[in-house]
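Notes follow once the structure below has been shown.
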Amino acid sequence: FGGAAIKDNLFFFVNYEGFRQRLSQTGQAHFPTLAQLAGNFAGLKTLNDPSTGAPFPGNIIPASRFSKVAMNYRAFFPTPNCTVCGGNNYAGITKKPSNYDQTIQRVDYNIRAKDVLFFRYLWNDESVYVPLLAPASGTSFPESAQNLANHWIHVFTPALTNEVLFGWGQSKVGQIRDGAFAPTNIATSVLGLQNIADRPSGWGLPSTSFSSYTGVGAGQCQFDNDRLFQLVDSLQLIHGRHILKVGAEFRHEMFYMDQDSRIPSITFANIFTGD
């Protein structure tokens, strides 16, 4: 949308663009069954008692050996629902939303015959969420950018002109795990884990992996924030068949990256129980 605000002197232009996409994807995984979450591994690979090294009687882990954290973890394993999934036992659908918004504003101003000014501002914001089959295990990918530009032309004479350019830009790209920056930390308030670092970027379900099952939890958080400031002044002289142009440029670029690779993580191998 655009037009003249002041006839022959002031013009404006405004633009907006939006995009919404919703994708669904079917996936498979291998999660513990309800019986296994209750400690019953009868008929499966023999489990050894870590404290004695001897097999658990009946291949069943007594409920008295369950820790509070382990019992709280059970809520984050989807119940197996597939018997025709090959080596997996769970099939589910994940939804991947994607949003994009952009706007541009521009103003052109003919101050007088010897001075012309234009102003432009651009802003866009995009977000994509990539979920996993297990709850609280997805990752968001936000991205935004801003750009500001000014251009002023002054005519001293038909042969001598001066241009001033000003530019500023900012770009932000992120990767945010489920639960990060939430009001409370799932790891402590729900699971009951202790001695967790008090960094909101690491909050959420710990990245948990298993030797025989699909893991739960999301990866790390990362943020990139880049900025650019630019100022250019140039003087142009036309003399006969020759054009002489001189000028100066100042540019200041800033790059910031914050990567939290110290998120809580737990790995369960088959070292102590054999599974």
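Residues in the structure tokens are numbered from 1 in each chain, the chains being A, B, ... in the order shown, and ligands are numbered from 1 in the order shown.
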Open item on the list: Report as a VMD selection string all protein, DNA and RNA residues lying within 12 Å of Gly217 (chain A), evaluated on only C-alpha atoms, omitting residues in the same chain fewer than 4 positions from it.
Closed with: chain A and resid 73 76 to 77 131 to 139 177 to 180 186 to 187 202 to 210 263 to 267
Could the residues in this selection be written to a file with C-alpha atoms, as a CSV table (one decimal), in the first residue's frame?
```
chain,number,residue,atom,x,y,z
A,73,TYR,CA,10.3,-40.1,34.5
A,76,PHE,CA,7.5,-38.8,29.6
A,77,PHE,CA,7.4,-42.2,27.8
A,131,PRO,CA,8.7,-31.8,17.9
A,132,LEU,CA,9.7,-35.3,18.8
A,133,LEU,CA,7.4,-38.2,19.6
A,134,ALA,CA,8.2,-38.0,23.3
A,135,PRO,CA,6.6,-35.0,25.2
A,136,ALA,CA,8.7,-32.0,26.2
A,137,SER,CA,11.4,-33.1,23.8
A,138,GLY,CA,11.0,-30.6,20.9
A,139,THR,CA,13.1,-27.7,19.7
A,177,ARG,CA,14.8,-26.5,23.8
A,178,ASP,CA,11.4,-27.4,25.2
A,179,GLY,CA,11.1,-26.1,28.8
A,180,ALA,CA,13.9,-23.5,28.5
A,186,ILE,CA,10.7,-29.7,34.8
A,187,ALA,CA,14.0,-31.3,35.9
A,202,GLY,CA,19.1,-25.4,30.3
A,203,TRP,CA,15.8,-25.9,32.0
A,204,GLY,CA,13.5,-28.7,30.8
A,205,LEU,CA,13.6,-32.4,30.5
A,206,PRO,CA,17.2,-33.5,30.6
A,207,SER,CA,18.6,-35.0,27.3
A,208,THR,CA,18.2,-38.7,28.2
A,209,SER,CA,19.5,-41.6,26.2
A,210,PHE,CA,19.2,-45.3,26.5
A,263,ILE,CA,22.4,-28.8,29.5
A,264,PRO,CA,21.6,-31.7,32.0
A,265,SER,CA,22.1,-35.0,30.3
A,266,ILE,CA,21.7,-38.6,31.5
A,267,THR,CA,22.9,-41.7,29.7
```
Task: All residues 12 Å or closer to Arg106 (chain A), only C-alpha atoms, same chain fewer than 5 positions away omitted, as a count of residues only - done: 22
- [ ] Would you return as number ranges by chain the members of region 5-176 of chain A that DSSP assigns to strand (DSSP E) on this structure's backbone?
- [x] A: 5-6, 10-29, 90-112, 115-130, 139-157, 160-176
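Taking only C-alpha atoms into account, Thr161 (chain A) lies nearest to A:Gly247 out of the set A:Asn124, A:Gly215, A:Gly247, A:Gly86.
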Open item on the list: Taking 5 positions as the minimum chain separation for residues in the same chain, which residues sit within 12 Å of Gly174 (chain A) when counting only C-alpha atoms? Answer as a VMD selection string.
Closed with: chain A and resid 125 to 129 139 to 145 201 220 to 226 256 to 260
Same residues, C-alpha atoms, saved as a JSON list (two decimals), in the first residue's frame:
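Here's the written file out.json:
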```json
[["chain", "number", "residue", "atom", "x", "y", "z"],
["A", 125, "ASP", "CA", 10.12, -12.70, 12.22],
["A", 126, "GLU", "CA", 10.08, -16.46, 11.66],
["A", 127, "SER", "CA", 9.62, -19.42, 13.95],
["A", 128, "VAL", "CA", 9.70, -23.15, 13.32],
["A", 129, "TYR", "CA", 8.98, -25.81, 15.93],
["A", 139, "THR", "CA", 13.08, -27.66, 19.74],
["A", 140, "SER", "CA", 12.05, -24.19, 18.54],
["A", 141, "PHE", "CA", 14.04, -22.29, 15.93],
["A", 142, "PRO", "CA", 13.19, -18.56, 16.10],
["A", 143, "GLU", "CA", 14.71, -16.13, 13.63],
["A", 144, "SER", "CA", 14.22, -12.38, 13.27],
["A", 145, "ALA", "CA", 15.85, -9.49, 11.45],
["A", 201, "SER", "CA", 18.50, -21.88, 29.07],
["A", 220, "GLN", "CA", 21.01, -27.48, 23.77],
["A", 221, "CYS", "CA", 20.07, -23.83, 23.43],
["A", 222, "GLN", "CA", 21.96, -21.46, 21.18],
["A", 223, "PHE", "CA", 21.55, -17.79, 20.30],
["A", 224, "ASP", "CA", 23.27, -15.69, 17.63],
["A", 225, "ASN", "CA", 22.84, -11.92, 17.64],
["A", 226, "ASP", "CA", 24.62, -10.03, 14.84],
["A", 256, "TYR", "CA", 27.50, -12.43, 19.57],
["A", 257, "MET", "CA", 26.95, -16.13, 20.15],
["A", 258, "ASP", "CA", 25.68, -17.74, 23.32],
["A", 259, "GLN", "CA", 25.76, -21.53, 23.26],
["A", 260, "ASP", "CA", 24.67, -23.44, 26.33]]
```
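Residues in contact with Lys245 (chain A) at 12 Å, where only C-alpha atoms are counted and same-chain residues fewer than 3 positions away are skipped, are listed as Ala159, Leu160, Thr161, Asn162, Glu163, Asp233, Ser234, Leu235, Gln236, Leu237, Ile238, His239, His242 and Ala248 of chain A.
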Dump of N, CA, C and O atoms for the selected residues, as a tab-separated table (two decimals), in the first residue's frame:
```tsv
chain	number	residue	atom	x	y	z
A	159	ALA	N	26.92	19.66	-11.41
A	159	ALA	CA	28.12	18.84	-11.57
A	159	ALA	C	28.67	18.33	-10.24
A	159	ALA	O	29.56	17.48	-10.22
A	160	LEU	N	28.14	18.83	-9.13
A	160	LEU	CA	28.69	18.45	-7.82
A	160	LEU	C	27.55	18.01	-6.90
A	160	LEU	O	26.65	18.79	-6.58
A	161	THR	N	27.59	16.75	-6.48
A	161	THR	CA	26.57	16.20	-5.59
A	161	THR	C	27.21	15.46	-4.43
A	161	THR	O	28.35	14.98	-4.53
A	162	ASN	N	26.47	15.35	-3.36
A	162	ASN	CA	26.95	14.63	-2.17
A	162	ASN	C	25.88	13.64	-1.73
A	162	ASN	O	24.67	13.94	-1.72
A	163	GLU	N	26.32	12.43	-1.37
A	163	GLU	CA	25.42	11.38	-0.92
A	163	GLU	C	25.82	10.93	0.49
A	163	GLU	O	27.02	10.71	0.76
A	233	ASP	N	29.73	8.48	3.30
A	233	ASP	CA	29.59	9.82	2.72
A	233	ASP	C	30.46	9.89	1.48
A	233	ASP	O	31.65	9.55	1.53
A	234	SER	N	29.87	10.31	0.37
A	234	SER	CA	30.63	10.38	-0.88
A	234	SER	C	30.30	11.67	-1.63
A	234	SER	O	29.15	12.11	-1.65
A	235	LEU	N	31.31	12.24	-2.23
A	235	LEU	CA	31.19	13.48	-3.01
A	235	LEU	C	31.55	13.17	-4.45
A	235	LEU	O	32.61	12.58	-4.71
A	236	GLN	N	30.69	13.58	-5.38
A	236	GLN	CA	30.94	13.29	-6.79
A	236	GLN	C	31.00	14.58	-7.60
A	236	GLN	O	30.14	15.44	-7.51
A	237	LEU	N	32.06	14.67	-8.42
A	237	LEU	CA	32.27	15.83	-9.28
A	237	LEU	C	32.36	15.38	-10.73
A	237	LEU	O	33.14	14.47	-11.07
A	238	ILE	N	31.57	16.01	-11.59
A	238	ILE	CA	31.59	15.73	-13.02
A	238	ILE	C	32.29	16.89	-13.72
A	238	ILE	O	31.86	18.05	-13.61
A	239	HIS	N	33.36	16.59	-14.41
A	239	HIS	CA	34.12	17.63	-15.11
A	239	HIS	C	34.42	17.14	-16.52
A	239	HIS	O	35.28	16.27	-16.74
A	242	HIS	N	35.12	13.47	-17.39
A	242	HIS	CA	35.66	12.79	-16.22
A	242	HIS	C	34.70	12.88	-15.04
A	242	HIS	O	33.99	13.87	-14.86
A	248	ALA	N	34.15	8.43	2.29
A	248	ALA	CA	34.62	7.68	3.45
A	248	ALA	C	33.51	6.79	3.94
A	248	ALA	O	32.31	7.07	3.75
```
- [ ] Go ahead and compute the interatomic distance for CA of Leu165 (chain A) and CA of Leu228 (chain A), in Å to one decimal.
- [x] 13.6 Å
Task: Within 7 Å of Arg22 (chain A) using only C-alpha atoms, minus same-chain residues under 2 positions, as JSON, numbers by chain - done: {"A": [20, 24, 95, 96, 97, 98]}
Open item on the list: Among region 30-244 of chain A, which ones does DSSP assign to alpha helix (DSSP H) (computed from the backbone)? Answer as a PyMOL selection string.
Closed with: chain A and resi 34-37+68-73+186-189
Written selection (N, CA, C and O atoms) as a CSV table (one decimal), in the first residue's frame:
```csv
chain,number,residue,atom,x,y,z
A,34,LEU,N,4.4,-50.7,29.5
A,34,LEU,CA,3.9,-50.4,30.9
A,34,LEU,C,4.5,-51.4,31.8
A,34,LEU,O,4.8,-51.1,33.0
A,35,ALA,N,4.6,-52.7,31.4
A,35,ALA,CA,5.2,-53.7,32.3
A,35,ALA,C,6.6,-53.4,32.6
A,35,ALA,O,7.1,-53.5,33.8
A,36,GLN,N,7.4,-53.0,31.6
A,36,GLN,CA,8.8,-52.7,31.9
A,36,GLN,C,8.9,-51.5,32.8
A,36,GLN,O,9.8,-51.4,33.6
A,37,LEU,N,8.1,-50.5,32.6
A,37,LEU,CA,8.2,-49.3,33.4
A,37,LEU,C,7.8,-49.7,34.9
A,37,LEU,O,8.2,-48.9,35.8
A,68,LYS,N,12.7,-42.2,43.3
A,68,LYS,CA,11.6,-41.2,43.0
A,68,LYS,C,11.7,-40.6,41.7
A,68,LYS,O,10.7,-40.4,40.9
A,69,VAL,N,12.9,-40.3,41.3
A,69,VAL,CA,13.2,-39.7,40.0
A,69,VAL,C,12.8,-40.6,38.8
A,69,VAL,O,12.1,-40.2,37.9
A,70,ALA,N,13.1,-41.9,39.0
A,70,ALA,CA,12.8,-42.9,38.0
A,70,ALA,C,11.2,-43.0,37.8
A,70,ALA,O,10.7,-43.1,36.7
A,71,MET,N,10.5,-43.0,38.9
A,71,MET,CA,9.1,-43.1,38.9
A,71,MET,C,8.5,-41.9,38.2
A,71,MET,O,7.5,-42.0,37.5
A,72,ASN,N,9.1,-40.7,38.4
A,72,ASN,CA,8.6,-39.5,37.8
A,72,ASN,C,8.9,-39.4,36.3
A,72,ASN,O,8.1,-38.8,35.5
A,73,TYR,N,9.9,-40.1,35.9
A,73,TYR,CA,10.3,-40.1,34.5
A,73,TYR,C,9.3,-40.9,33.7
A,73,TYR,O,9.2,-40.6,32.4
A,186,ILE,N,11.3,-28.3,34.8
A,186,ILE,CA,10.7,-29.7,34.8
A,186,ILE,C,11.7,-30.6,35.6
A,186,ILE,O,11.3,-31.5,36.3
A,187,ALA,N,13.0,-30.4,35.3
A,187,ALA,CA,14.0,-31.3,35.9
A,187,ALA,C,13.9,-31.4,37.4
A,187,ALA,O,14.1,-32.4,38.1
A,188,THR,N,13.6,-30.2,38.0
A,188,THR,CA,13.5,-30.1,39.5
A,188,THR,C,12.1,-30.2,40.0
A,188,THR,O,11.8,-31.0,41.0
A,189,SER,N,11.2,-29.5,39.4
A,189,SER,CA,9.8,-29.5,39.9
A,189,SER,C,9.0,-30.7,39.6
A,189,SER,O,8.1,-31.1,40.4
```
Task: Selection near Pro80 (chain A), 10 Å with only C-alpha atoms, sequence-local residues under 3 positions removed, as JSON, numbers by chain - done: {"A": [29, 30, 31, 32, 33, 34, 77, 83, 88, 89, 90, 91, 92]}
Could you take the residues named above and write them with N, CA and C atoms, as a short mmCIF file (atom, residue, chain, number, x, y, z; two decimals), in the first residue's frame?
```cif
data_model
loop_
_atom_site.label_atom_id
_atom_site.label_comp_id
_atom_site.auth_asym_id
_atom_site.auth_seq_id
_atom_site.Cartn_x
_atom_site.Cartn_y
_atom_site.Cartn_z
N ALA A 29 9.13 -45.11 17.08
CA ALA A 29 10.12 -45.13 18.14
C ALA A 29 9.97 -46.41 18.95
N HIS A 30 10.92 -46.62 19.83
CA HIS A 30 10.88 -47.81 20.69
C HIS A 30 10.95 -47.35 22.15
N PHE A 31 9.82 -47.44 22.85
CA PHE A 31 9.73 -47.01 24.24
C PHE A 31 9.46 -48.21 25.15
N PRO A 32 9.77 -48.10 26.43
CA PRO A 32 9.47 -49.19 27.38
C PRO A 32 7.96 -49.42 27.47
N THR A 33 7.58 -50.66 27.65
CA THR A 33 6.16 -50.98 27.83
C THR A 33 5.75 -50.63 29.26
N LEU A 34 4.44 -50.67 29.51
CA LEU A 34 3.95 -50.39 30.85
C LEU A 34 4.50 -51.40 31.85
N PHE A 77 7.29 -41.12 28.82
CA PHE A 77 7.40 -42.18 27.82
C PHE A 77 6.02 -42.48 27.25
N THR A 83 2.25 -52.90 16.93
CA THR A 83 2.81 -54.26 16.90
C THR A 83 3.33 -54.64 15.51
N ASN A 88 10.43 -51.29 16.23
CA ASN A 88 9.84 -50.27 17.09
C ASN A 88 8.48 -50.73 17.61
N ASN A 89 7.99 -50.04 18.62
CA ASN A 89 6.70 -50.42 19.18
C ASN A 89 5.76 -49.24 19.36
N TYR A 90 6.12 -48.09 18.80
CA TYR A 90 5.27 -46.91 18.94
C TYR A 90 5.25 -46.15 17.61
N ALA A 91 4.06 -45.72 17.22
CA ALA A 91 3.89 -44.89 16.03
C ALA A 91 3.04 -43.69 16.42
N GLY A 92 3.44 -42.53 15.99
CA GLY A 92 2.71 -41.32 16.34
C GLY A 92 2.87 -40.26 15.27
#
```
Task: Residues within 10 Å of Leu44 (chain A), only C-alpha atoms, excluding chain neighbours under 4 positions, as a PyMOL selection string - done: chain A and resi 36+40+59+275
Could those selected residues go to a file with N, CA, C and O atoms, as a compact mmCIF listing (two decimals), in the first residue's frame?
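Now in out_38.txt:
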```
# COMPACT_ATOMS: atom_id res chain seq x y z
N GLN A 36 7.37 -52.98 31.62
CA GLN A 36 8.78 -52.68 31.85
C GLN A 36 8.95 -51.46 32.76
O GLN A 36 9.84 -51.42 33.61
N ASN A 40 8.89 -55.08 35.30
CA ASN A 40 8.69 -56.46 34.87
C ASN A 40 9.32 -56.69 33.50
O ASN A 40 8.82 -56.25 32.48
N ASN A 59 13.34 -61.97 36.81
CA ASN A 59 13.66 -60.84 35.91
C ASN A 59 12.73 -59.66 36.16
O ASN A 59 12.34 -58.94 35.24
N ASP A 275 21.28 -54.42 30.44
CA ASP A 275 20.30 -53.99 29.46
C ASP A 275 20.19 -52.47 29.50
O ASP A 275 20.17 -51.88 30.58
```
